Structures are given as C-alpha cells and as structure tokens.
Amino acid sequence: MRFILISVILVLIIAFLAWRFRGGKNKFPFYEFFSRGRREGFSFKEIRFLKQIAIQNKLEKPQSIFWSTSQLDRCLRPAIQKINADEGMGDKSKLAMISKLLELRKKAEFNLPKYQKRIRDTTALLPRQKLIVKEQAYGTFVSWVIEINRKYLVVTQPSGQKGWETLDWRGKKLQVSFWRVEDAGYNFETRVQEQISHEEYPLLYLAHSSSLERTQTRKSVRVNTNIPVRFNPVVFSSSEGVKKPFISKRFHMGRIIDLSESGCCMLAGSMLKKNDRVKLDFPLTDVKKIVGLGLIVGVSPTGDDRVKKYHILFVRIGPSSRNSIALWVYNIFGEREDDESKKRRRVPQEIQVKK
C-alpha cells in the first residue's frame, strides 16, 4: 500500500513539473527558454533575469529573446538599465553580463538572411560594383562593373595610376577583388577578352569566373558615421639596438566614416601606411569618449592623393568602450540619429526658412 502511495505521489510530482515546464497556467515555456539560454552560454541566474525581462516586456514568444533582433532591441534597454541599477552586482559582473547580451544581439544580427547570401560566380555581380584589379606588370587599379551579359563581364578600363589611358590590357591575366555590401570580400582570377579603347568611355570585356573565393567575412555590425577623430601615430625609437614603440605627441585630425565595435574606417591625410598603429581619440556622444589603439589593415584611395581611407582594426580598447560602441551601433538608447530622424529634424528648419 505504501509503495502504491509513494508511486502515486511521484507520478503527481512528475506530472506537475512537466505541466509547469511546458508553461502551466501562465503558458511560459520554461523548458525551451532555459535550455536555449544554456546553449547560448548563460548561467541559470542570468537566464532567470532574462525571463523577468521577457515577461516584463510581454513577449508573445519569450524564447525569441535569444534569436530575434527586434525582440532583443525591445528588451536590451530595460535589461541594461536594470543591470546598471543593481547595487548587489559588481562592476565586472555588470560589464560581463552586458557584453553577453551584446554578443547575443550580434549573433542574432548575423543570422539574418541578408548575411547568409553569397554568390558563386561573376554573373551574379551588379552594375556599379567597385573592383580592385591587379596585373603582375602594371600594378593595382580601380575599375567599375558596367554590364553583365551571358558571355562577358563589362567593366571600365582600370584607372588610378599615371598613364592608365595608354595601357594595353588585351589578353592580360587579372587578379580581381571586391567587397559586396552586407556580405564579404571576394577574389577571382580572369583574363581580358577584349579592350575597347576608342570610345568615349574605354571598356574591358572580362571572362566570367565560377571560382569565387569568399574572404573577409564581416564579424561586427558597422554603420556609416561622420565623427571627427584625433589620432597619434605609434612610432619607434632605437635604444641600444632595440626598437621600442611609443605614441607620438604630435596628433593629426581625421574623420571616421564607418564604425563597429571591432574597428572603423577613417579619412585622413596620406601620412600612414598598412600595418601602422595609431592611438584614436573620438567622441561617441556628447558624454561618451572612446580612446583605443588601432592597427591599419588596409589603405584605399579616395580620388584625392592627399587623402586616404584607412581601414582600422581595434587591437586595444576597453570592454566598456567596446560595449558603448555596440550600443551606439544598434542605437539601443537612441544615441545615434538615423536617416529618418535627421529628415524629421530638418523639416521644421526648412519650413521656418520658407516662412
């Protein structure tokens, strides 16, 4: 009799737990939520915190907080405010938790379909795509896609170096690279089939390639900016035959034209080169200032020999600054004006001028 009673109690307990974890009366999907949270690397305490945030924001599908960019954007602001207001949590723990949430947001972003699309051959290129063209004897040039037809890739005659107008490209083997927006970098090899140099706009006809090598997959979300930046080059001094780096006291000014938590693109004078290091100092907002050390991983022309585009990887930047940049990029606290906000702000000014 006792055995039967114990068995009945155990069955009732198991049934209650199963009912509870399937949602129970409040329909919260406990099992799915906690199992997904553990797979994403959160502790049970952190998952309970995220559960409170999901309930607080009345998410129809609470577990979507782990993969939906829209639900994450809806929840991140109250979550971070709650973390910062928690007096029982140390600064390091707060920073670590916010970093985890932002990593989750980045992962959700790169799982969007637009980042998963890739191209397999040059027939998928679009007109106005910029190309970097390299030829063994001539060097490196810039070209633009004009037309894609079944037989050829039609591009502008490569330019960017002195005497480009008189170069003979017929039959030349080319190494071509390009960056596809919202995707990655690609490299391919081709050969010039025909050169049309007697027209107003000289053109090359390139053979199509089905062997595209995908490189430089973007690891952080970046946005276009127009931020003034002060930078100091890292220089070397020799002491007893040993070169020691130090930050130059002489500073220069530039502008950051796109920014992510992992790096930026800067417009500045042509005094720097690839693999140089620079200390960067720029205002993110009126109250947030970013200071970090960057490595120049690439240099691009701008059409003006006095100004270059410097592609910079952050090699030393504080976790708090990195989080601040990520929050600014995702615009969680409305610190970054988007295009629509700028338009709305300009309209009253234009109306006032007309009056």
# chains A, B, ... in the order shown; residues from 1 in each chain; ligands from 1

$ residues_around --residues "stretch 245-255 of chain A" --least-positions-apart "4" --cutoff "8 Å" --atoms "only C-alpha atoms" --output "list in words"
Asn226, Ile227, Pro228, Val229, Arg230, Phe231, Asn232, Pro233, Val234, Val235, Phe236, Ser237, Met266, Leu267, Ala268, Gly269, Val278 and Lys279 of chain A

$ write_last_selection --atoms "N, CA and C atoms" --output "PDB file, in the first residue's frame"
ATOM      1  N   ASN A 226      30.019  60.115 -39.324  1.00  0.00           N
ATOM      2  CA  ASN A 226      30.782  61.298 -39.720  1.00  0.00           C
ATOM      3  C   ASN A 226      31.326  61.927 -38.434  1.00  0.00           C
ATOM      4  N   ILE A 227      32.260  61.196 -37.800  1.00  0.00           N
ATOM      5  CA  ILE A 227      32.745  61.569 -36.468  1.00  0.00           C
ATOM      6  C   ILE A 227      34.173  62.113 -36.570  1.00  0.00           C
ATOM      7  N   PRO A 228      34.432  63.292 -36.034  1.00  0.00           N
ATOM      8  CA  PRO A 228      35.816  63.788 -36.018  1.00  0.00           C
ATOM      9  C   PRO A 228      36.675  62.940 -35.089  1.00  0.00           C
ATOM     10  N   VAL A 229      37.892  62.670 -35.487  1.00  0.00           N
ATOM     11  CA  VAL A 229      38.786  61.845 -34.673  1.00  0.00           C
ATOM     12  C   VAL A 229      40.171  62.473 -34.610  1.00  0.00           C
ATOM     13  N   ARG A 230      40.757  62.403 -33.463  1.00  0.00           N
ATOM     14  CA  ARG A 230      42.141  62.839 -33.273  1.00  0.00           C
ATOM     15  C   ARG A 230      42.986  61.576 -33.148  1.00  0.00           C
ATOM     16  N   PHE A 231      44.084  61.513 -33.887  1.00  0.00           N
ATOM     17  CA  PHE A 231      44.901  60.298 -33.797  1.00  0.00           C
ATOM     18  C   PHE A 231      46.389  60.651 -33.696  1.00  0.00           C
ATOM     19  N   ASN A 232      47.096  59.795 -32.961  1.00  0.00           N
ATOM     20  CA  ASN A 232      48.537  59.918 -32.774  1.00  0.00           C
ATOM     21  C   ASN A 232      49.206  58.657 -33.299  1.00  0.00           C
ATOM     22  N   PRO A 233      50.095  58.762 -34.273  1.00  0.00           N
ATOM     23  CA  PRO A 233      50.800  57.571 -34.772  1.00  0.00           C
ATOM     24  C   PRO A 233      51.694  56.953 -33.691  1.00  0.00           C
ATOM     25  N   VAL A 234      51.842  55.641 -33.772  1.00  0.00           N
ATOM     26  CA  VAL A 234      52.804  54.938 -32.917  1.00  0.00           C
ATOM     27  C   VAL A 234      54.129  54.898 -33.683  1.00  0.00           C
ATOM     28  N   VAL A 235      55.175  55.434 -33.072  1.00  0.00           N
ATOM     29  CA  VAL A 235      56.494  55.468 -33.708  1.00  0.00           C
ATOM     30  C   VAL A 235      57.471  54.641 -32.881  1.00  0.00           C
ATOM     31  N   PHE A 236      58.652  54.410 -33.454  1.00  0.00           N
ATOM     32  CA  PHE A 236      59.648  53.570 -32.780  1.00  0.00           C
ATOM     33  C   PHE A 236      60.927  54.358 -32.542  1.00  0.00           C
ATOM     34  N   SER A 237      61.513  54.105 -31.386  1.00  0.00           N
ATOM     35  CA  SER A 237      62.824  54.695 -31.084  1.00  0.00           C
ATOM     36  C   SER A 237      63.808  53.562 -30.824  1.00  0.00           C
ATOM     37  N   MET A 266      38.662  55.349 -41.493  1.00  0.00           N
ATOM     38  CA  MET A 266      38.983  56.746 -41.220  1.00  0.00           C
ATOM     39  C   MET A 266      39.500  57.438 -42.472  1.00  0.00           C
ATOM     40  N   LEU A 267      39.020  58.647 -42.711  1.00  0.00           N
ATOM     41  CA  LEU A 267      39.559  59.506 -43.752  1.00  0.00           C
ATOM     42  C   LEU A 267      40.588  60.430 -43.122  1.00  0.00           C
ATOM     43  N   ALA A 268      41.788  60.455 -43.685  1.00  0.00           N
ATOM     44  CA  ALA A 268      42.842  61.321 -43.140  1.00  0.00           C
ATOM     45  C   ALA A 268      43.904  61.546 -44.207  1.00  0.00           C
ATOM     46  N   GLY A 269      44.888  62.365 -43.882  1.00  0.00           N
ATOM     47  CA  GLY A 269      45.992  62.637 -44.794  1.00  0.00           C
ATOM     48  C   GLY A 269      46.779  61.383 -45.121  1.00  0.00           C
ATOM     49  N   VAL A 278      47.942  53.306 -34.568  1.00  0.00           N
ATOM     50  CA  VAL A 278      47.577  54.669 -34.184  1.00  0.00           C
ATOM     51  C   VAL A 278      46.727  54.641 -32.924  1.00  0.00           C
ATOM     52  N   LYS A 279      46.918  55.666 -32.115  1.00  0.00           N
ATOM     53  CA  LYS A 279      46.021  55.868 -30.976  1.00  0.00           C
ATOM     54  C   LYS A 279      44.879  56.748 -31.459  1.00  0.00           C
TER      55      LYS A 279
END

$ select_by_dssp --residues "stretch 120-195 of chain A" --states "strand (DSSP E)" --output "PDB file with N, CA and C atoms, in the first residue's frame"
ATOM      1  N   LYS A 130      32.261  48.146 -57.428  1.00  0.00           N
ATOM      2  CA  LYS A 130      33.658  48.565 -57.498  1.00  0.00           C
ATOM      3  C   LYS A 130      34.569  47.344 -57.472  1.00  0.00           C
ATOM      4  N   LEU A 131      35.603  47.356 -58.310  1.00  0.00           N
ATOM      5  CA  LEU A 131      36.560  46.253 -58.393  1.00  0.00           C
ATOM      6  C   LEU A 131      37.981  46.778 -58.183  1.00  0.00           C
ATOM      7  N   ILE A 132      38.786  45.989 -57.496  1.00  0.00           N
ATOM      8  CA  ILE A 132      40.225  46.258 -57.393  1.00  0.00           C
ATOM      9  C   ILE A 132      40.929  45.272 -58.324  1.00  0.00           C
ATOM     10  N   VAL A 133      41.596  45.813 -59.322  1.00  0.00           N
ATOM     11  CA  VAL A 133      42.199  44.994 -60.381  1.00  0.00           C
ATOM     12  C   VAL A 133      43.720  45.013 -60.247  1.00  0.00           C
ATOM     13  N   LYS A 134      44.337  43.817 -60.210  1.00  0.00           N
ATOM     14  CA  LYS A 134      45.789  43.717 -60.113  1.00  0.00           C
ATOM     15  C   LYS A 134      46.333  42.942 -61.305  1.00  0.00           C
ATOM     16  N   GLU A 135      47.360  43.508 -61.917  1.00  0.00           N
ATOM     17  CA  GLU A 135      48.067  42.830 -63.001  1.00  0.00           C
ATOM     18  C   GLU A 135      49.545  42.813 -62.650  1.00  0.00           C
ATOM     19  N   GLY A 139      50.464  46.631 -62.033  1.00  0.00           N
ATOM     20  CA  GLY A 139      50.173  47.038 -60.659  1.00  0.00           C
ATOM     21  C   GLY A 139      48.686  46.970 -60.325  1.00  0.00           C
ATOM     22  N   THR A 140      48.252  47.828 -59.400  1.00  0.00           N
ATOM     23  CA  THR A 140      46.885  47.785 -58.877  1.00  0.00           C
ATOM     24  C   THR A 140      46.081  48.987 -59.366  1.00  0.00           C
ATOM     25  N   PHE A 141      44.826  48.735 -59.789  1.00  0.00           N
ATOM     26  CA  PHE A 141      43.962  49.769 -60.340  1.00  0.00           C
ATOM     27  C   PHE A 141      42.547  49.597 -59.785  1.00  0.00           C
ATOM     28  N   VAL A 142      41.715  50.574 -60.105  1.00  0.00           N
ATOM     29  CA  VAL A 142      40.300  50.540 -59.732  1.00  0.00           C
ATOM     30  C   VAL A 142      39.463  50.499 -60.999  1.00  0.00           C
ATOM     31  N   SER A 143      38.410  49.678 -60.961  1.00  0.00           N
ATOM     32  CA  SER A 143      37.502  49.584 -62.098  1.00  0.00           C
ATOM     33  C   SER A 143      36.072  49.444 -61.567  1.00  0.00           C
ATOM     34  N   TRP A 144      35.088  49.619 -62.472  1.00  0.00           N
ATOM     35  CA  TRP A 144      33.675  49.529 -62.088  1.00  0.00           C
ATOM     36  C   TRP A 144      32.925  48.666 -63.090  1.00  0.00           C
ATOM     37  N   VAL A 145      32.020  47.844 -62.575  1.00  0.00           N
ATOM     38  CA  VAL A 145      31.201  46.998 -63.448  1.00  0.00           C
ATOM     39  C   VAL A 145      30.183  47.871 -64.180  1.00  0.00           C
ATOM     40  N   ILE A 146      30.116  47.722 -65.496  1.00  0.00           N
ATOM     41  CA  ILE A 146      29.164  48.468 -66.329  1.00  0.00           C
ATOM     42  C   ILE A 146      27.983  47.586 -66.718  1.00  0.00           C
ATOM     43  N   GLU A 147      28.292  46.351 -67.126  1.00  0.00           N
ATOM     44  CA  GLU A 147      27.235  45.460 -67.621  1.00  0.00           C
ATOM     45  C   GLU A 147      27.649  44.010 -67.402  1.00  0.00           C
ATOM     46  N   ILE A 148      26.656  43.152 -67.172  1.00  0.00           N
ATOM     47  CA  ILE A 148      26.896  41.709 -67.072  1.00  0.00           C
ATOM     48  C   ILE A 148      26.039  41.028 -68.122  1.00  0.00           C
ATOM     49  N   TYR A 152      30.293  37.895 -71.132  1.00  0.00           N
ATOM     50  CA  TYR A 152      31.360  38.724 -70.577  1.00  0.00           C
ATOM     51  C   TYR A 152      30.907  39.539 -69.367  1.00  0.00           C
ATOM     52  N   LEU A 153      31.933  39.978 -68.632  1.00  0.00           N
ATOM     53  CA  LEU A 153      31.766  40.978 -67.583  1.00  0.00           C
ATOM     54  C   LEU A 153      32.358  42.271 -68.153  1.00  0.00           C
ATOM     55  N   VAL A 154      31.524  43.269 -68.381  1.00  0.00           N
ATOM     56  CA  VAL A 154      31.981  44.512 -68.996  1.00  0.00           C
ATOM     57  C   VAL A 154      32.306  45.517 -67.897  1.00  0.00           C
ATOM     58  N   VAL A 155      33.551  46.014 -67.890  1.00  0.00           N
ATOM     59  CA  VAL A 155      33.991  46.927 -66.836  1.00  0.00           C
ATOM     60  C   VAL A 155      34.684  48.134 -67.453  1.00  0.00           C
ATOM     61  N   THR A 156      34.792  49.198 -66.668  1.00  0.00           N
ATOM     62  CA  THR A 156      35.548  50.366 -67.136  1.00  0.00           C
ATOM     63  C   THR A 156      37.029  50.007 -67.194  1.00  0.00           C
ATOM     64  N   LYS A 173      46.165  38.509 -67.820  1.00  0.00           N
ATOM     65  CA  LYS A 173      45.563  37.763 -66.717  1.00  0.00           C
ATOM     66  C   LYS A 173      45.446  38.709 -65.512  1.00  0.00           C
ATOM     67  N   LEU A 174      44.258  38.769 -64.898  1.00  0.00           N
ATOM     68  CA  LEU A 174      43.999  39.707 -63.816  1.00  0.00           C
ATOM     69  C   LEU A 174      43.582  38.999 -62.530  1.00  0.00           C
ATOM     70  N   GLN A 175      44.017  39.568 -61.428  1.00  0.00           N
ATOM     71  CA  GLN A 175      43.514  39.179 -60.110  1.00  0.00           C
ATOM     72  C   GLN A 175      42.534  40.275 -59.686  1.00  0.00           C
ATOM     73  N   VAL A 176      41.291  39.909 -59.453  1.00  0.00           N
ATOM     74  CA  VAL A 176      40.250  40.889 -59.152  1.00  0.00           C
ATOM     75  C   VAL A 176      39.665  40.612 -57.776  1.00  0.00           C
ATOM     76  N   SER A 177      39.463  41.685 -57.011  1.00  0.00           N
ATOM     77  CA  SER A 177      38.818  41.559 -55.700  1.00  0.00           C
ATOM     78  C   SER A 177      37.752  42.628 -55.553  1.00  0.00           C
ATOM     79  N   PHE A 178      36.761  42.355 -54.739  1.00  0.00           N
ATOM     80  CA  PHE A 178      35.706  43.336 -54.495  1.00  0.00           C
ATOM     81  C   PHE A 178      35.037  43.031 -53.163  1.00  0.00           C
ATOM     82  N   TRP A 179      34.377  44.066 -52.622  1.00  0.00           N
ATOM     83  CA  TRP A 179      33.616  43.912 -51.387  1.00  0.00           C
ATOM     84  C   TRP A 179      32.140  44.013 -51.722  1.00  0.00           C
ATOM     85  N   GLY A 185      34.162  39.935 -48.656  1.00  0.00           N
ATOM     86  CA  GLY A 185      35.052  40.216 -49.774  1.00  0.00           C
ATOM     87  C   GLY A 185      35.178  38.977 -50.652  1.00  0.00           C
ATOM     88  N   TYR A 186      35.443  39.186 -51.940  1.00  0.00           N
ATOM     89  CA  TYR A 186      35.606  38.083 -52.887  1.00  0.00           C
ATOM     90  C   TYR A 186      36.853  38.328 -53.736  1.00  0.00           C
ATOM     91  N   ASN A 187      37.519  37.232 -54.133  1.00  0.00           N
ATOM     92  CA  ASN A 187      38.649  37.281 -55.062  1.00  0.00           C
ATOM     93  C   ASN A 187      38.375  36.315 -56.211  1.00  0.00           C
ATOM     94  N   PHE A 188      38.815  36.676 -57.393  1.00  0.00           N
ATOM     95  CA  PHE A 188      38.742  35.728 -58.505  1.00  0.00           C
ATOM     96  C   PHE A 188      39.792  36.097 -59.551  1.00  0.00           C
ATOM     97  N   GLU A 189      40.108  35.125 -60.397  1.00  0.00           N
ATOM     98  CA  GLU A 189      41.082  35.321 -61.474  1.00  0.00           C
ATOM     99  C   GLU A 189      40.340  35.306 -62.799  1.00  0.00           C
ATOM    100  N   THR A 190      40.741  36.190 -63.711  1.00  0.00           N
ATOM    101  CA  THR A 190      40.088  36.247 -65.014  1.00  0.00           C
ATOM    102  C   THR A 190      41.103  36.682 -66.066  1.00  0.00           C
ATOM    103  N   ARG A 191      40.647  36.736 -67.313  1.00  0.00           N
ATOM    104  CA  ARG A 191      41.509  37.183 -68.399  1.00  0.00           C
ATOM    105  C   ARG A 191      40.733  38.175 -69.275  1.00  0.00           C
ATOM    106  N   VAL A 192      41.438  39.181 -69.767  1.00  0.00           N
ATOM    107  CA  VAL A 192      40.808  40.184 -70.628  1.00  0.00           C
ATOM    108  C   VAL A 192      40.574  39.581 -72.006  1.00  0.00           C
ATOM    109  N   GLN A 193      39.299  39.597 -72.437  1.00  0.00           N
ATOM    110  CA  GLN A 193      38.941  39.047 -73.741  1.00  0.00           C
ATOM    111  C   GLN A 193      39.005  40.096 -74.847  1.00  0.00           C
ATOM    112  N   GLU A 194      38.675  41.344 -74.456  1.00  0.00           N
ATOM    113  CA  GLU A 194      38.647  42.406 -75.462  1.00  0.00           C
ATOM    114  C   GLU A 194      38.801  43.749 -74.773  1.00  0.00           C
ATOM    115  N   GLN A 195      39.436  44.696 -75.470  1.00  0.00           N
ATOM    116  CA  GLN A 195      39.588  46.057 -74.960  1.00  0.00           C
ATOM    117  C   GLN A 195      39.011  47.029 -75.983  1.00  0.00           C
TER     118      GLN A 195
END

$ residues_around --residues "stretch 113-124 of chain A" --least-positions-apart "3" --cutoff "8 Å" --atoms "only C-alpha atoms" --output "NGL selection string"
:A and (110 or 148-150 or 153 or 182-183 or 208-212)

$ write_last_selection --atoms "C-alpha atoms" --output "mmCIF file, in the first residue's frame"
data_model
loop_
_atom_site.group_PDB
_atom_site.id
_atom_site.type_symbol
_atom_site.label_atom_id
_atom_site.label_comp_id
_atom_site.auth_asym_id
_atom_site.auth_seq_id
_atom_site.Cartn_x
_atom_site.Cartn_y
_atom_site.Cartn_z
ATOM 1 C CA PHE A 110 24.390 37.807 -38.489
ATOM 2 C CA ILE A 148 26.896 41.709 -67.072
ATOM 3 C CA ASN A 149 25.895 39.598 -70.057
ATOM 4 C CA ARG A 150 25.946 35.877 -70.743
ATOM 5 C CA LEU A 153 31.766 40.978 -67.583
ATOM 6 C CA GLU A 182 26.214 43.215 -46.371
ATOM 7 C CA ASP A 183 28.247 40.147 -47.325
ATOM 8 C CA HIS A 208 33.346 35.165 -66.344
ATOM 9 C CA SER A 209 34.626 33.119 -63.419
ATOM 10 C CA SER A 210 32.812 30.444 -61.417
ATOM 11 C CA SER A 211 35.617 30.162 -58.843
ATOM 12 C CA LEU A 212 34.993 32.989 -56.405
#

$ atom_distance --atom1 "atom CA of A:Thr166" --atom2 "atom CA of A:Pro202"
10.5 Å

$ residues_around --residues "stretch 315-321 of chain A" --least-positions-apart "3" --cutoff "9 Å" --atoms "only C-alpha atoms" --output "PyMOL selection string"
chain A and resi 95-96+99+261-263+288-295+324-326

$ write_last_selection --atoms "C-alpha atoms" --output "PDB file, in the first residue's frame"
ATOM      1  CA  LEU A  95      30.167  44.562 -17.696  1.00  0.00           C
ATOM      2  CA  ALA A  96      30.309  40.805 -18.362  1.00  0.00           C
ATOM      3  CA  SER A  99      28.838  42.010 -23.044  1.00  0.00           C
ATOM      4  CA  GLU A 261      32.867  47.550 -32.101  1.00  0.00           C
ATOM      5  CA  SER A 262      35.843  45.861 -33.804  1.00  0.00           C
ATOM      6  CA  GLY A 263      37.133  48.697 -35.981  1.00  0.00           C
ATOM      7  CA  LYS A 288      30.949  59.345 -24.147  1.00  0.00           C
ATOM      8  CA  LYS A 289      34.524  59.444 -25.384  1.00  0.00           C
ATOM      9  CA  ILE A 290      36.369  56.495 -26.943  1.00  0.00           C
ATOM     10  CA  VAL A 291      40.131  56.008 -26.700  1.00  0.00           C
ATOM     11  CA  GLY A 292      41.806  52.968 -28.231  1.00  0.00           C
ATOM     12  CA  LEU A 293      44.725  51.587 -30.193  1.00  0.00           C
ATOM     13  CA  GLY A 294      44.155  50.605 -33.805  1.00  0.00           C
ATOM     14  CA  LEU A 295      46.064  48.674 -36.462  1.00  0.00           C
ATOM     15  CA  SER A 324      29.413  51.614 -25.695  1.00  0.00           C
ATOM     16  CA  ILE A 325      30.182  51.405 -29.415  1.00  0.00           C
ATOM     17  CA  ALA A 326      27.955  48.315 -29.842  1.00  0.00           C
TER      18      ALA A 326
END

$ closest_residue --among "A:Asp286, A:Glu200, A:Glu109, A:Glu87" --to "A:Gln71" --atoms "only C-alpha atoms"
A:Glu109

$ residues_around --residues "A:Ala54" --least-positions-apart "3" --cutoff "10 Å" --atoms "only C-alpha atoms" --output "list in words"
Phe28, Arg48, Phe49, Leu50, Lys51, Asn57, Lys58, Leu59, Glu60, Lys61, Pro62, Gln63, Ser64, Ile65, Gln71, Leu72, Arg74, Cys75 and Ala79 of chain A

$ write_last_selection --atoms "N, CA and C atoms" --output "compact mmCIF listing (two decimals), in the first residue's frame"
# COMPACT_ATOMS: atom_id res chain seq x y z
N PHE A 28 4.20 30.09 -19.84
CA PHE A 28 5.60 30.43 -20.08
C PHE A 28 6.37 29.15 -20.40
N ARG A 48 17.29 33.38 -15.46
CA ARG A 48 16.15 33.86 -14.66
C ARG A 48 15.96 35.37 -14.84
N PHE A 49 17.07 36.08 -14.93
CA PHE A 49 17.00 37.52 -15.15
C PHE A 49 16.37 37.82 -16.52
N LEU A 50 16.82 37.09 -17.56
CA LEU A 50 16.26 37.28 -18.89
C LEU A 50 14.78 36.91 -18.94
N LYS A 51 14.40 35.91 -18.15
CA LYS A 51 12.99 35.52 -18.06
C LYS A 51 12.16 36.69 -17.53
N ASN A 57 8.46 42.70 -20.69
CA ASN A 57 8.19 43.29 -21.99
C ASN A 57 7.07 42.58 -22.75
N LYS A 58 6.44 41.60 -22.07
CA LYS A 58 5.26 40.91 -22.60
C LYS A 58 5.52 40.31 -23.99
N LEU A 59 6.65 39.59 -24.09
CA LEU A 59 6.96 38.94 -25.36
C LEU A 59 5.99 37.79 -25.61
N GLU A 60 5.42 37.77 -26.79
CA GLU A 60 4.47 36.72 -27.12
C GLU A 60 5.15 35.36 -27.15
N LYS A 61 6.39 35.34 -27.63
CA LYS A 61 7.20 34.11 -27.65
C LYS A 61 8.49 34.41 -26.89
N PRO A 62 8.51 34.21 -25.56
CA PRO A 62 9.65 34.65 -24.73
C PRO A 62 11.00 34.14 -25.19
N GLN A 63 11.08 32.89 -25.68
CA GLN A 63 12.38 32.34 -26.07
C GLN A 63 12.97 33.04 -27.30
N SER A 64 12.17 33.85 -27.99
CA SER A 64 12.68 34.58 -29.15
C SER A 64 13.68 35.66 -28.74
N ILE A 65 13.76 35.95 -27.44
CA ILE A 65 14.76 36.91 -26.96
C ILE A 65 16.18 36.43 -27.27
N GLN A 71 13.07 41.59 -31.02
CA GLN A 71 12.74 41.34 -29.60
C GLN A 71 13.91 41.73 -28.70
N LEU A 72 15.13 41.49 -29.17
CA LEU A 72 16.30 41.88 -28.39
C LEU A 72 16.39 43.40 -28.25
N ARG A 74 14.02 45.42 -28.29
CA ARG A 74 12.93 45.82 -27.39
C ARG A 74 13.30 45.58 -25.93
N CYS A 75 14.11 44.55 -25.68
CA CYS A 75 14.42 44.16 -24.29
C CYS A 75 15.75 44.69 -23.77
N ALA A 79 16.80 45.89 -19.87
CA ALA A 79 17.70 44.92 -19.25
C ALA A 79 18.97 45.61 -18.76

$ select_by_dssp --residues "stretch 108-231 of chain A" --states "helix (DSSP H, G or I)" --output "ChimeraX atom specification"
/A:108-110,113-116,122-124,164-166

$ write_last_selection --atoms "C-alpha atoms" --output "compact mmCIF listing (two decimals), in the first residue's frame"
# COMPACT_ATOMS: atom_id res chain seq x y z
CA ALA A 108 21.12 37.33 -33.99
CA GLU A 109 22.05 40.04 -36.50
CA PHE A 110 24.39 37.81 -38.49
CA PRO A 113 19.03 36.06 -44.25
CA LYS A 114 20.77 39.09 -45.77
CA TYR A 115 24.09 37.98 -44.21
CA GLN A 116 23.71 34.37 -45.34
CA THR A 122 30.63 36.64 -61.59
CA THR A 123 27.28 36.50 -63.42
CA ALA A 124 25.70 37.46 -60.05
CA TRP A 164 46.44 54.29 -67.37
CA GLU A 165 44.81 55.60 -70.57
CA THR A 166 47.55 54.14 -72.81

$ residues_around --residues "A:Gln81" --least-positions-apart "6" --cutoff "12 Å" --atoms "only C-alpha atoms" --output "ChimeraX atom specification"
/A:53,75,87,94,97-98,332-333

$ closest_residue --among "A:Ser220, A:Ser35, A:Ser43, A:Asn84" --to "A:Lys106" --atoms "only C-alpha atoms"
A:Ser220

$ atom_distance --atom1 "atom CA of A:Asn323" --atom2 "atom CA of A:Asp91"
13.5 Å

$ atom_distance --atom1 "atom CA of A:Tyr310" --atom2 "atom CA of A:Phe282"
15.5 Å

$ decode --residues "stretch 97-125 of chain A" --atoms "C-alpha atoms" --output "PDB file, in the first residue's frame"
ATOM      1  CA  MET A  97      26.516  40.475 -18.439  1.00  0.00           C
ATOM      2  CA  ILE A  98      26.083  43.436 -20.808  1.00  0.00           C
ATOM      3  CA  SER A  99      28.838  42.010 -23.044  1.00  0.00           C
ATOM      4  CA  LYS A 100      26.977  38.673 -23.195  1.00  0.00           C
ATOM      5  CA  LEU A 101      23.748  40.388 -24.179  1.00  0.00           C
ATOM      6  CA  LEU A 102      25.504  42.346 -26.926  1.00  0.00           C
ATOM      7  CA  GLU A 103      27.182  39.185 -28.235  1.00  0.00           C
ATOM      8  CA  LEU A 104      23.726  37.629 -28.383  1.00  0.00           C
ATOM      9  CA  ARG A 105      22.485  40.662 -30.329  1.00  0.00           C
ATOM     10  CA  LYS A 106      25.402  40.394 -32.776  1.00  0.00           C
ATOM     11  CA  LYS A 107      24.804  36.682 -33.298  1.00  0.00           C
ATOM     12  CA  ALA A 108      21.121  37.331 -33.988  1.00  0.00           C
ATOM     13  CA  GLU A 109      22.052  40.039 -36.500  1.00  0.00           C
ATOM     14  CA  PHE A 110      24.390  37.807 -38.489  1.00  0.00           C
ATOM     15  CA  ASN A 111      21.800  35.030 -38.582  1.00  0.00           C
ATOM     16  CA  LEU A 112      19.531  37.288 -40.648  1.00  0.00           C
ATOM     17  CA  PRO A 113      19.028  36.061 -44.246  1.00  0.00           C
ATOM     18  CA  LYS A 114      20.768  39.093 -45.774  1.00  0.00           C
ATOM     19  CA  TYR A 115      24.085  37.983 -44.214  1.00  0.00           C
ATOM     20  CA  GLN A 116      23.714  34.375 -45.345  1.00  0.00           C
ATOM     21  CA  LYS A 117      23.501  35.111 -49.065  1.00  0.00           C
ATOM     22  CA  ARG A 118      26.669  34.574 -51.050  1.00  0.00           C
ATOM     23  CA  ILE A 119      27.464  34.493 -54.752  1.00  0.00           C
ATOM     24  CA  ARG A 120      29.166  31.669 -56.620  1.00  0.00           C
ATOM     25  CA  ASP A 121      30.167  33.251 -59.936  1.00  0.00           C
ATOM     26  CA  THR A 122      30.629  36.644 -61.591  1.00  0.00           C
ATOM     27  CA  THR A 123      27.276  36.501 -63.421  1.00  0.00           C
ATOM     28  CA  ALA A 124      25.703  37.465 -60.048  1.00  0.00           C
ATOM     29  CA  LEU A 125      27.561  40.791 -59.885  1.00  0.00           C
TER      30      LEU A 125
END
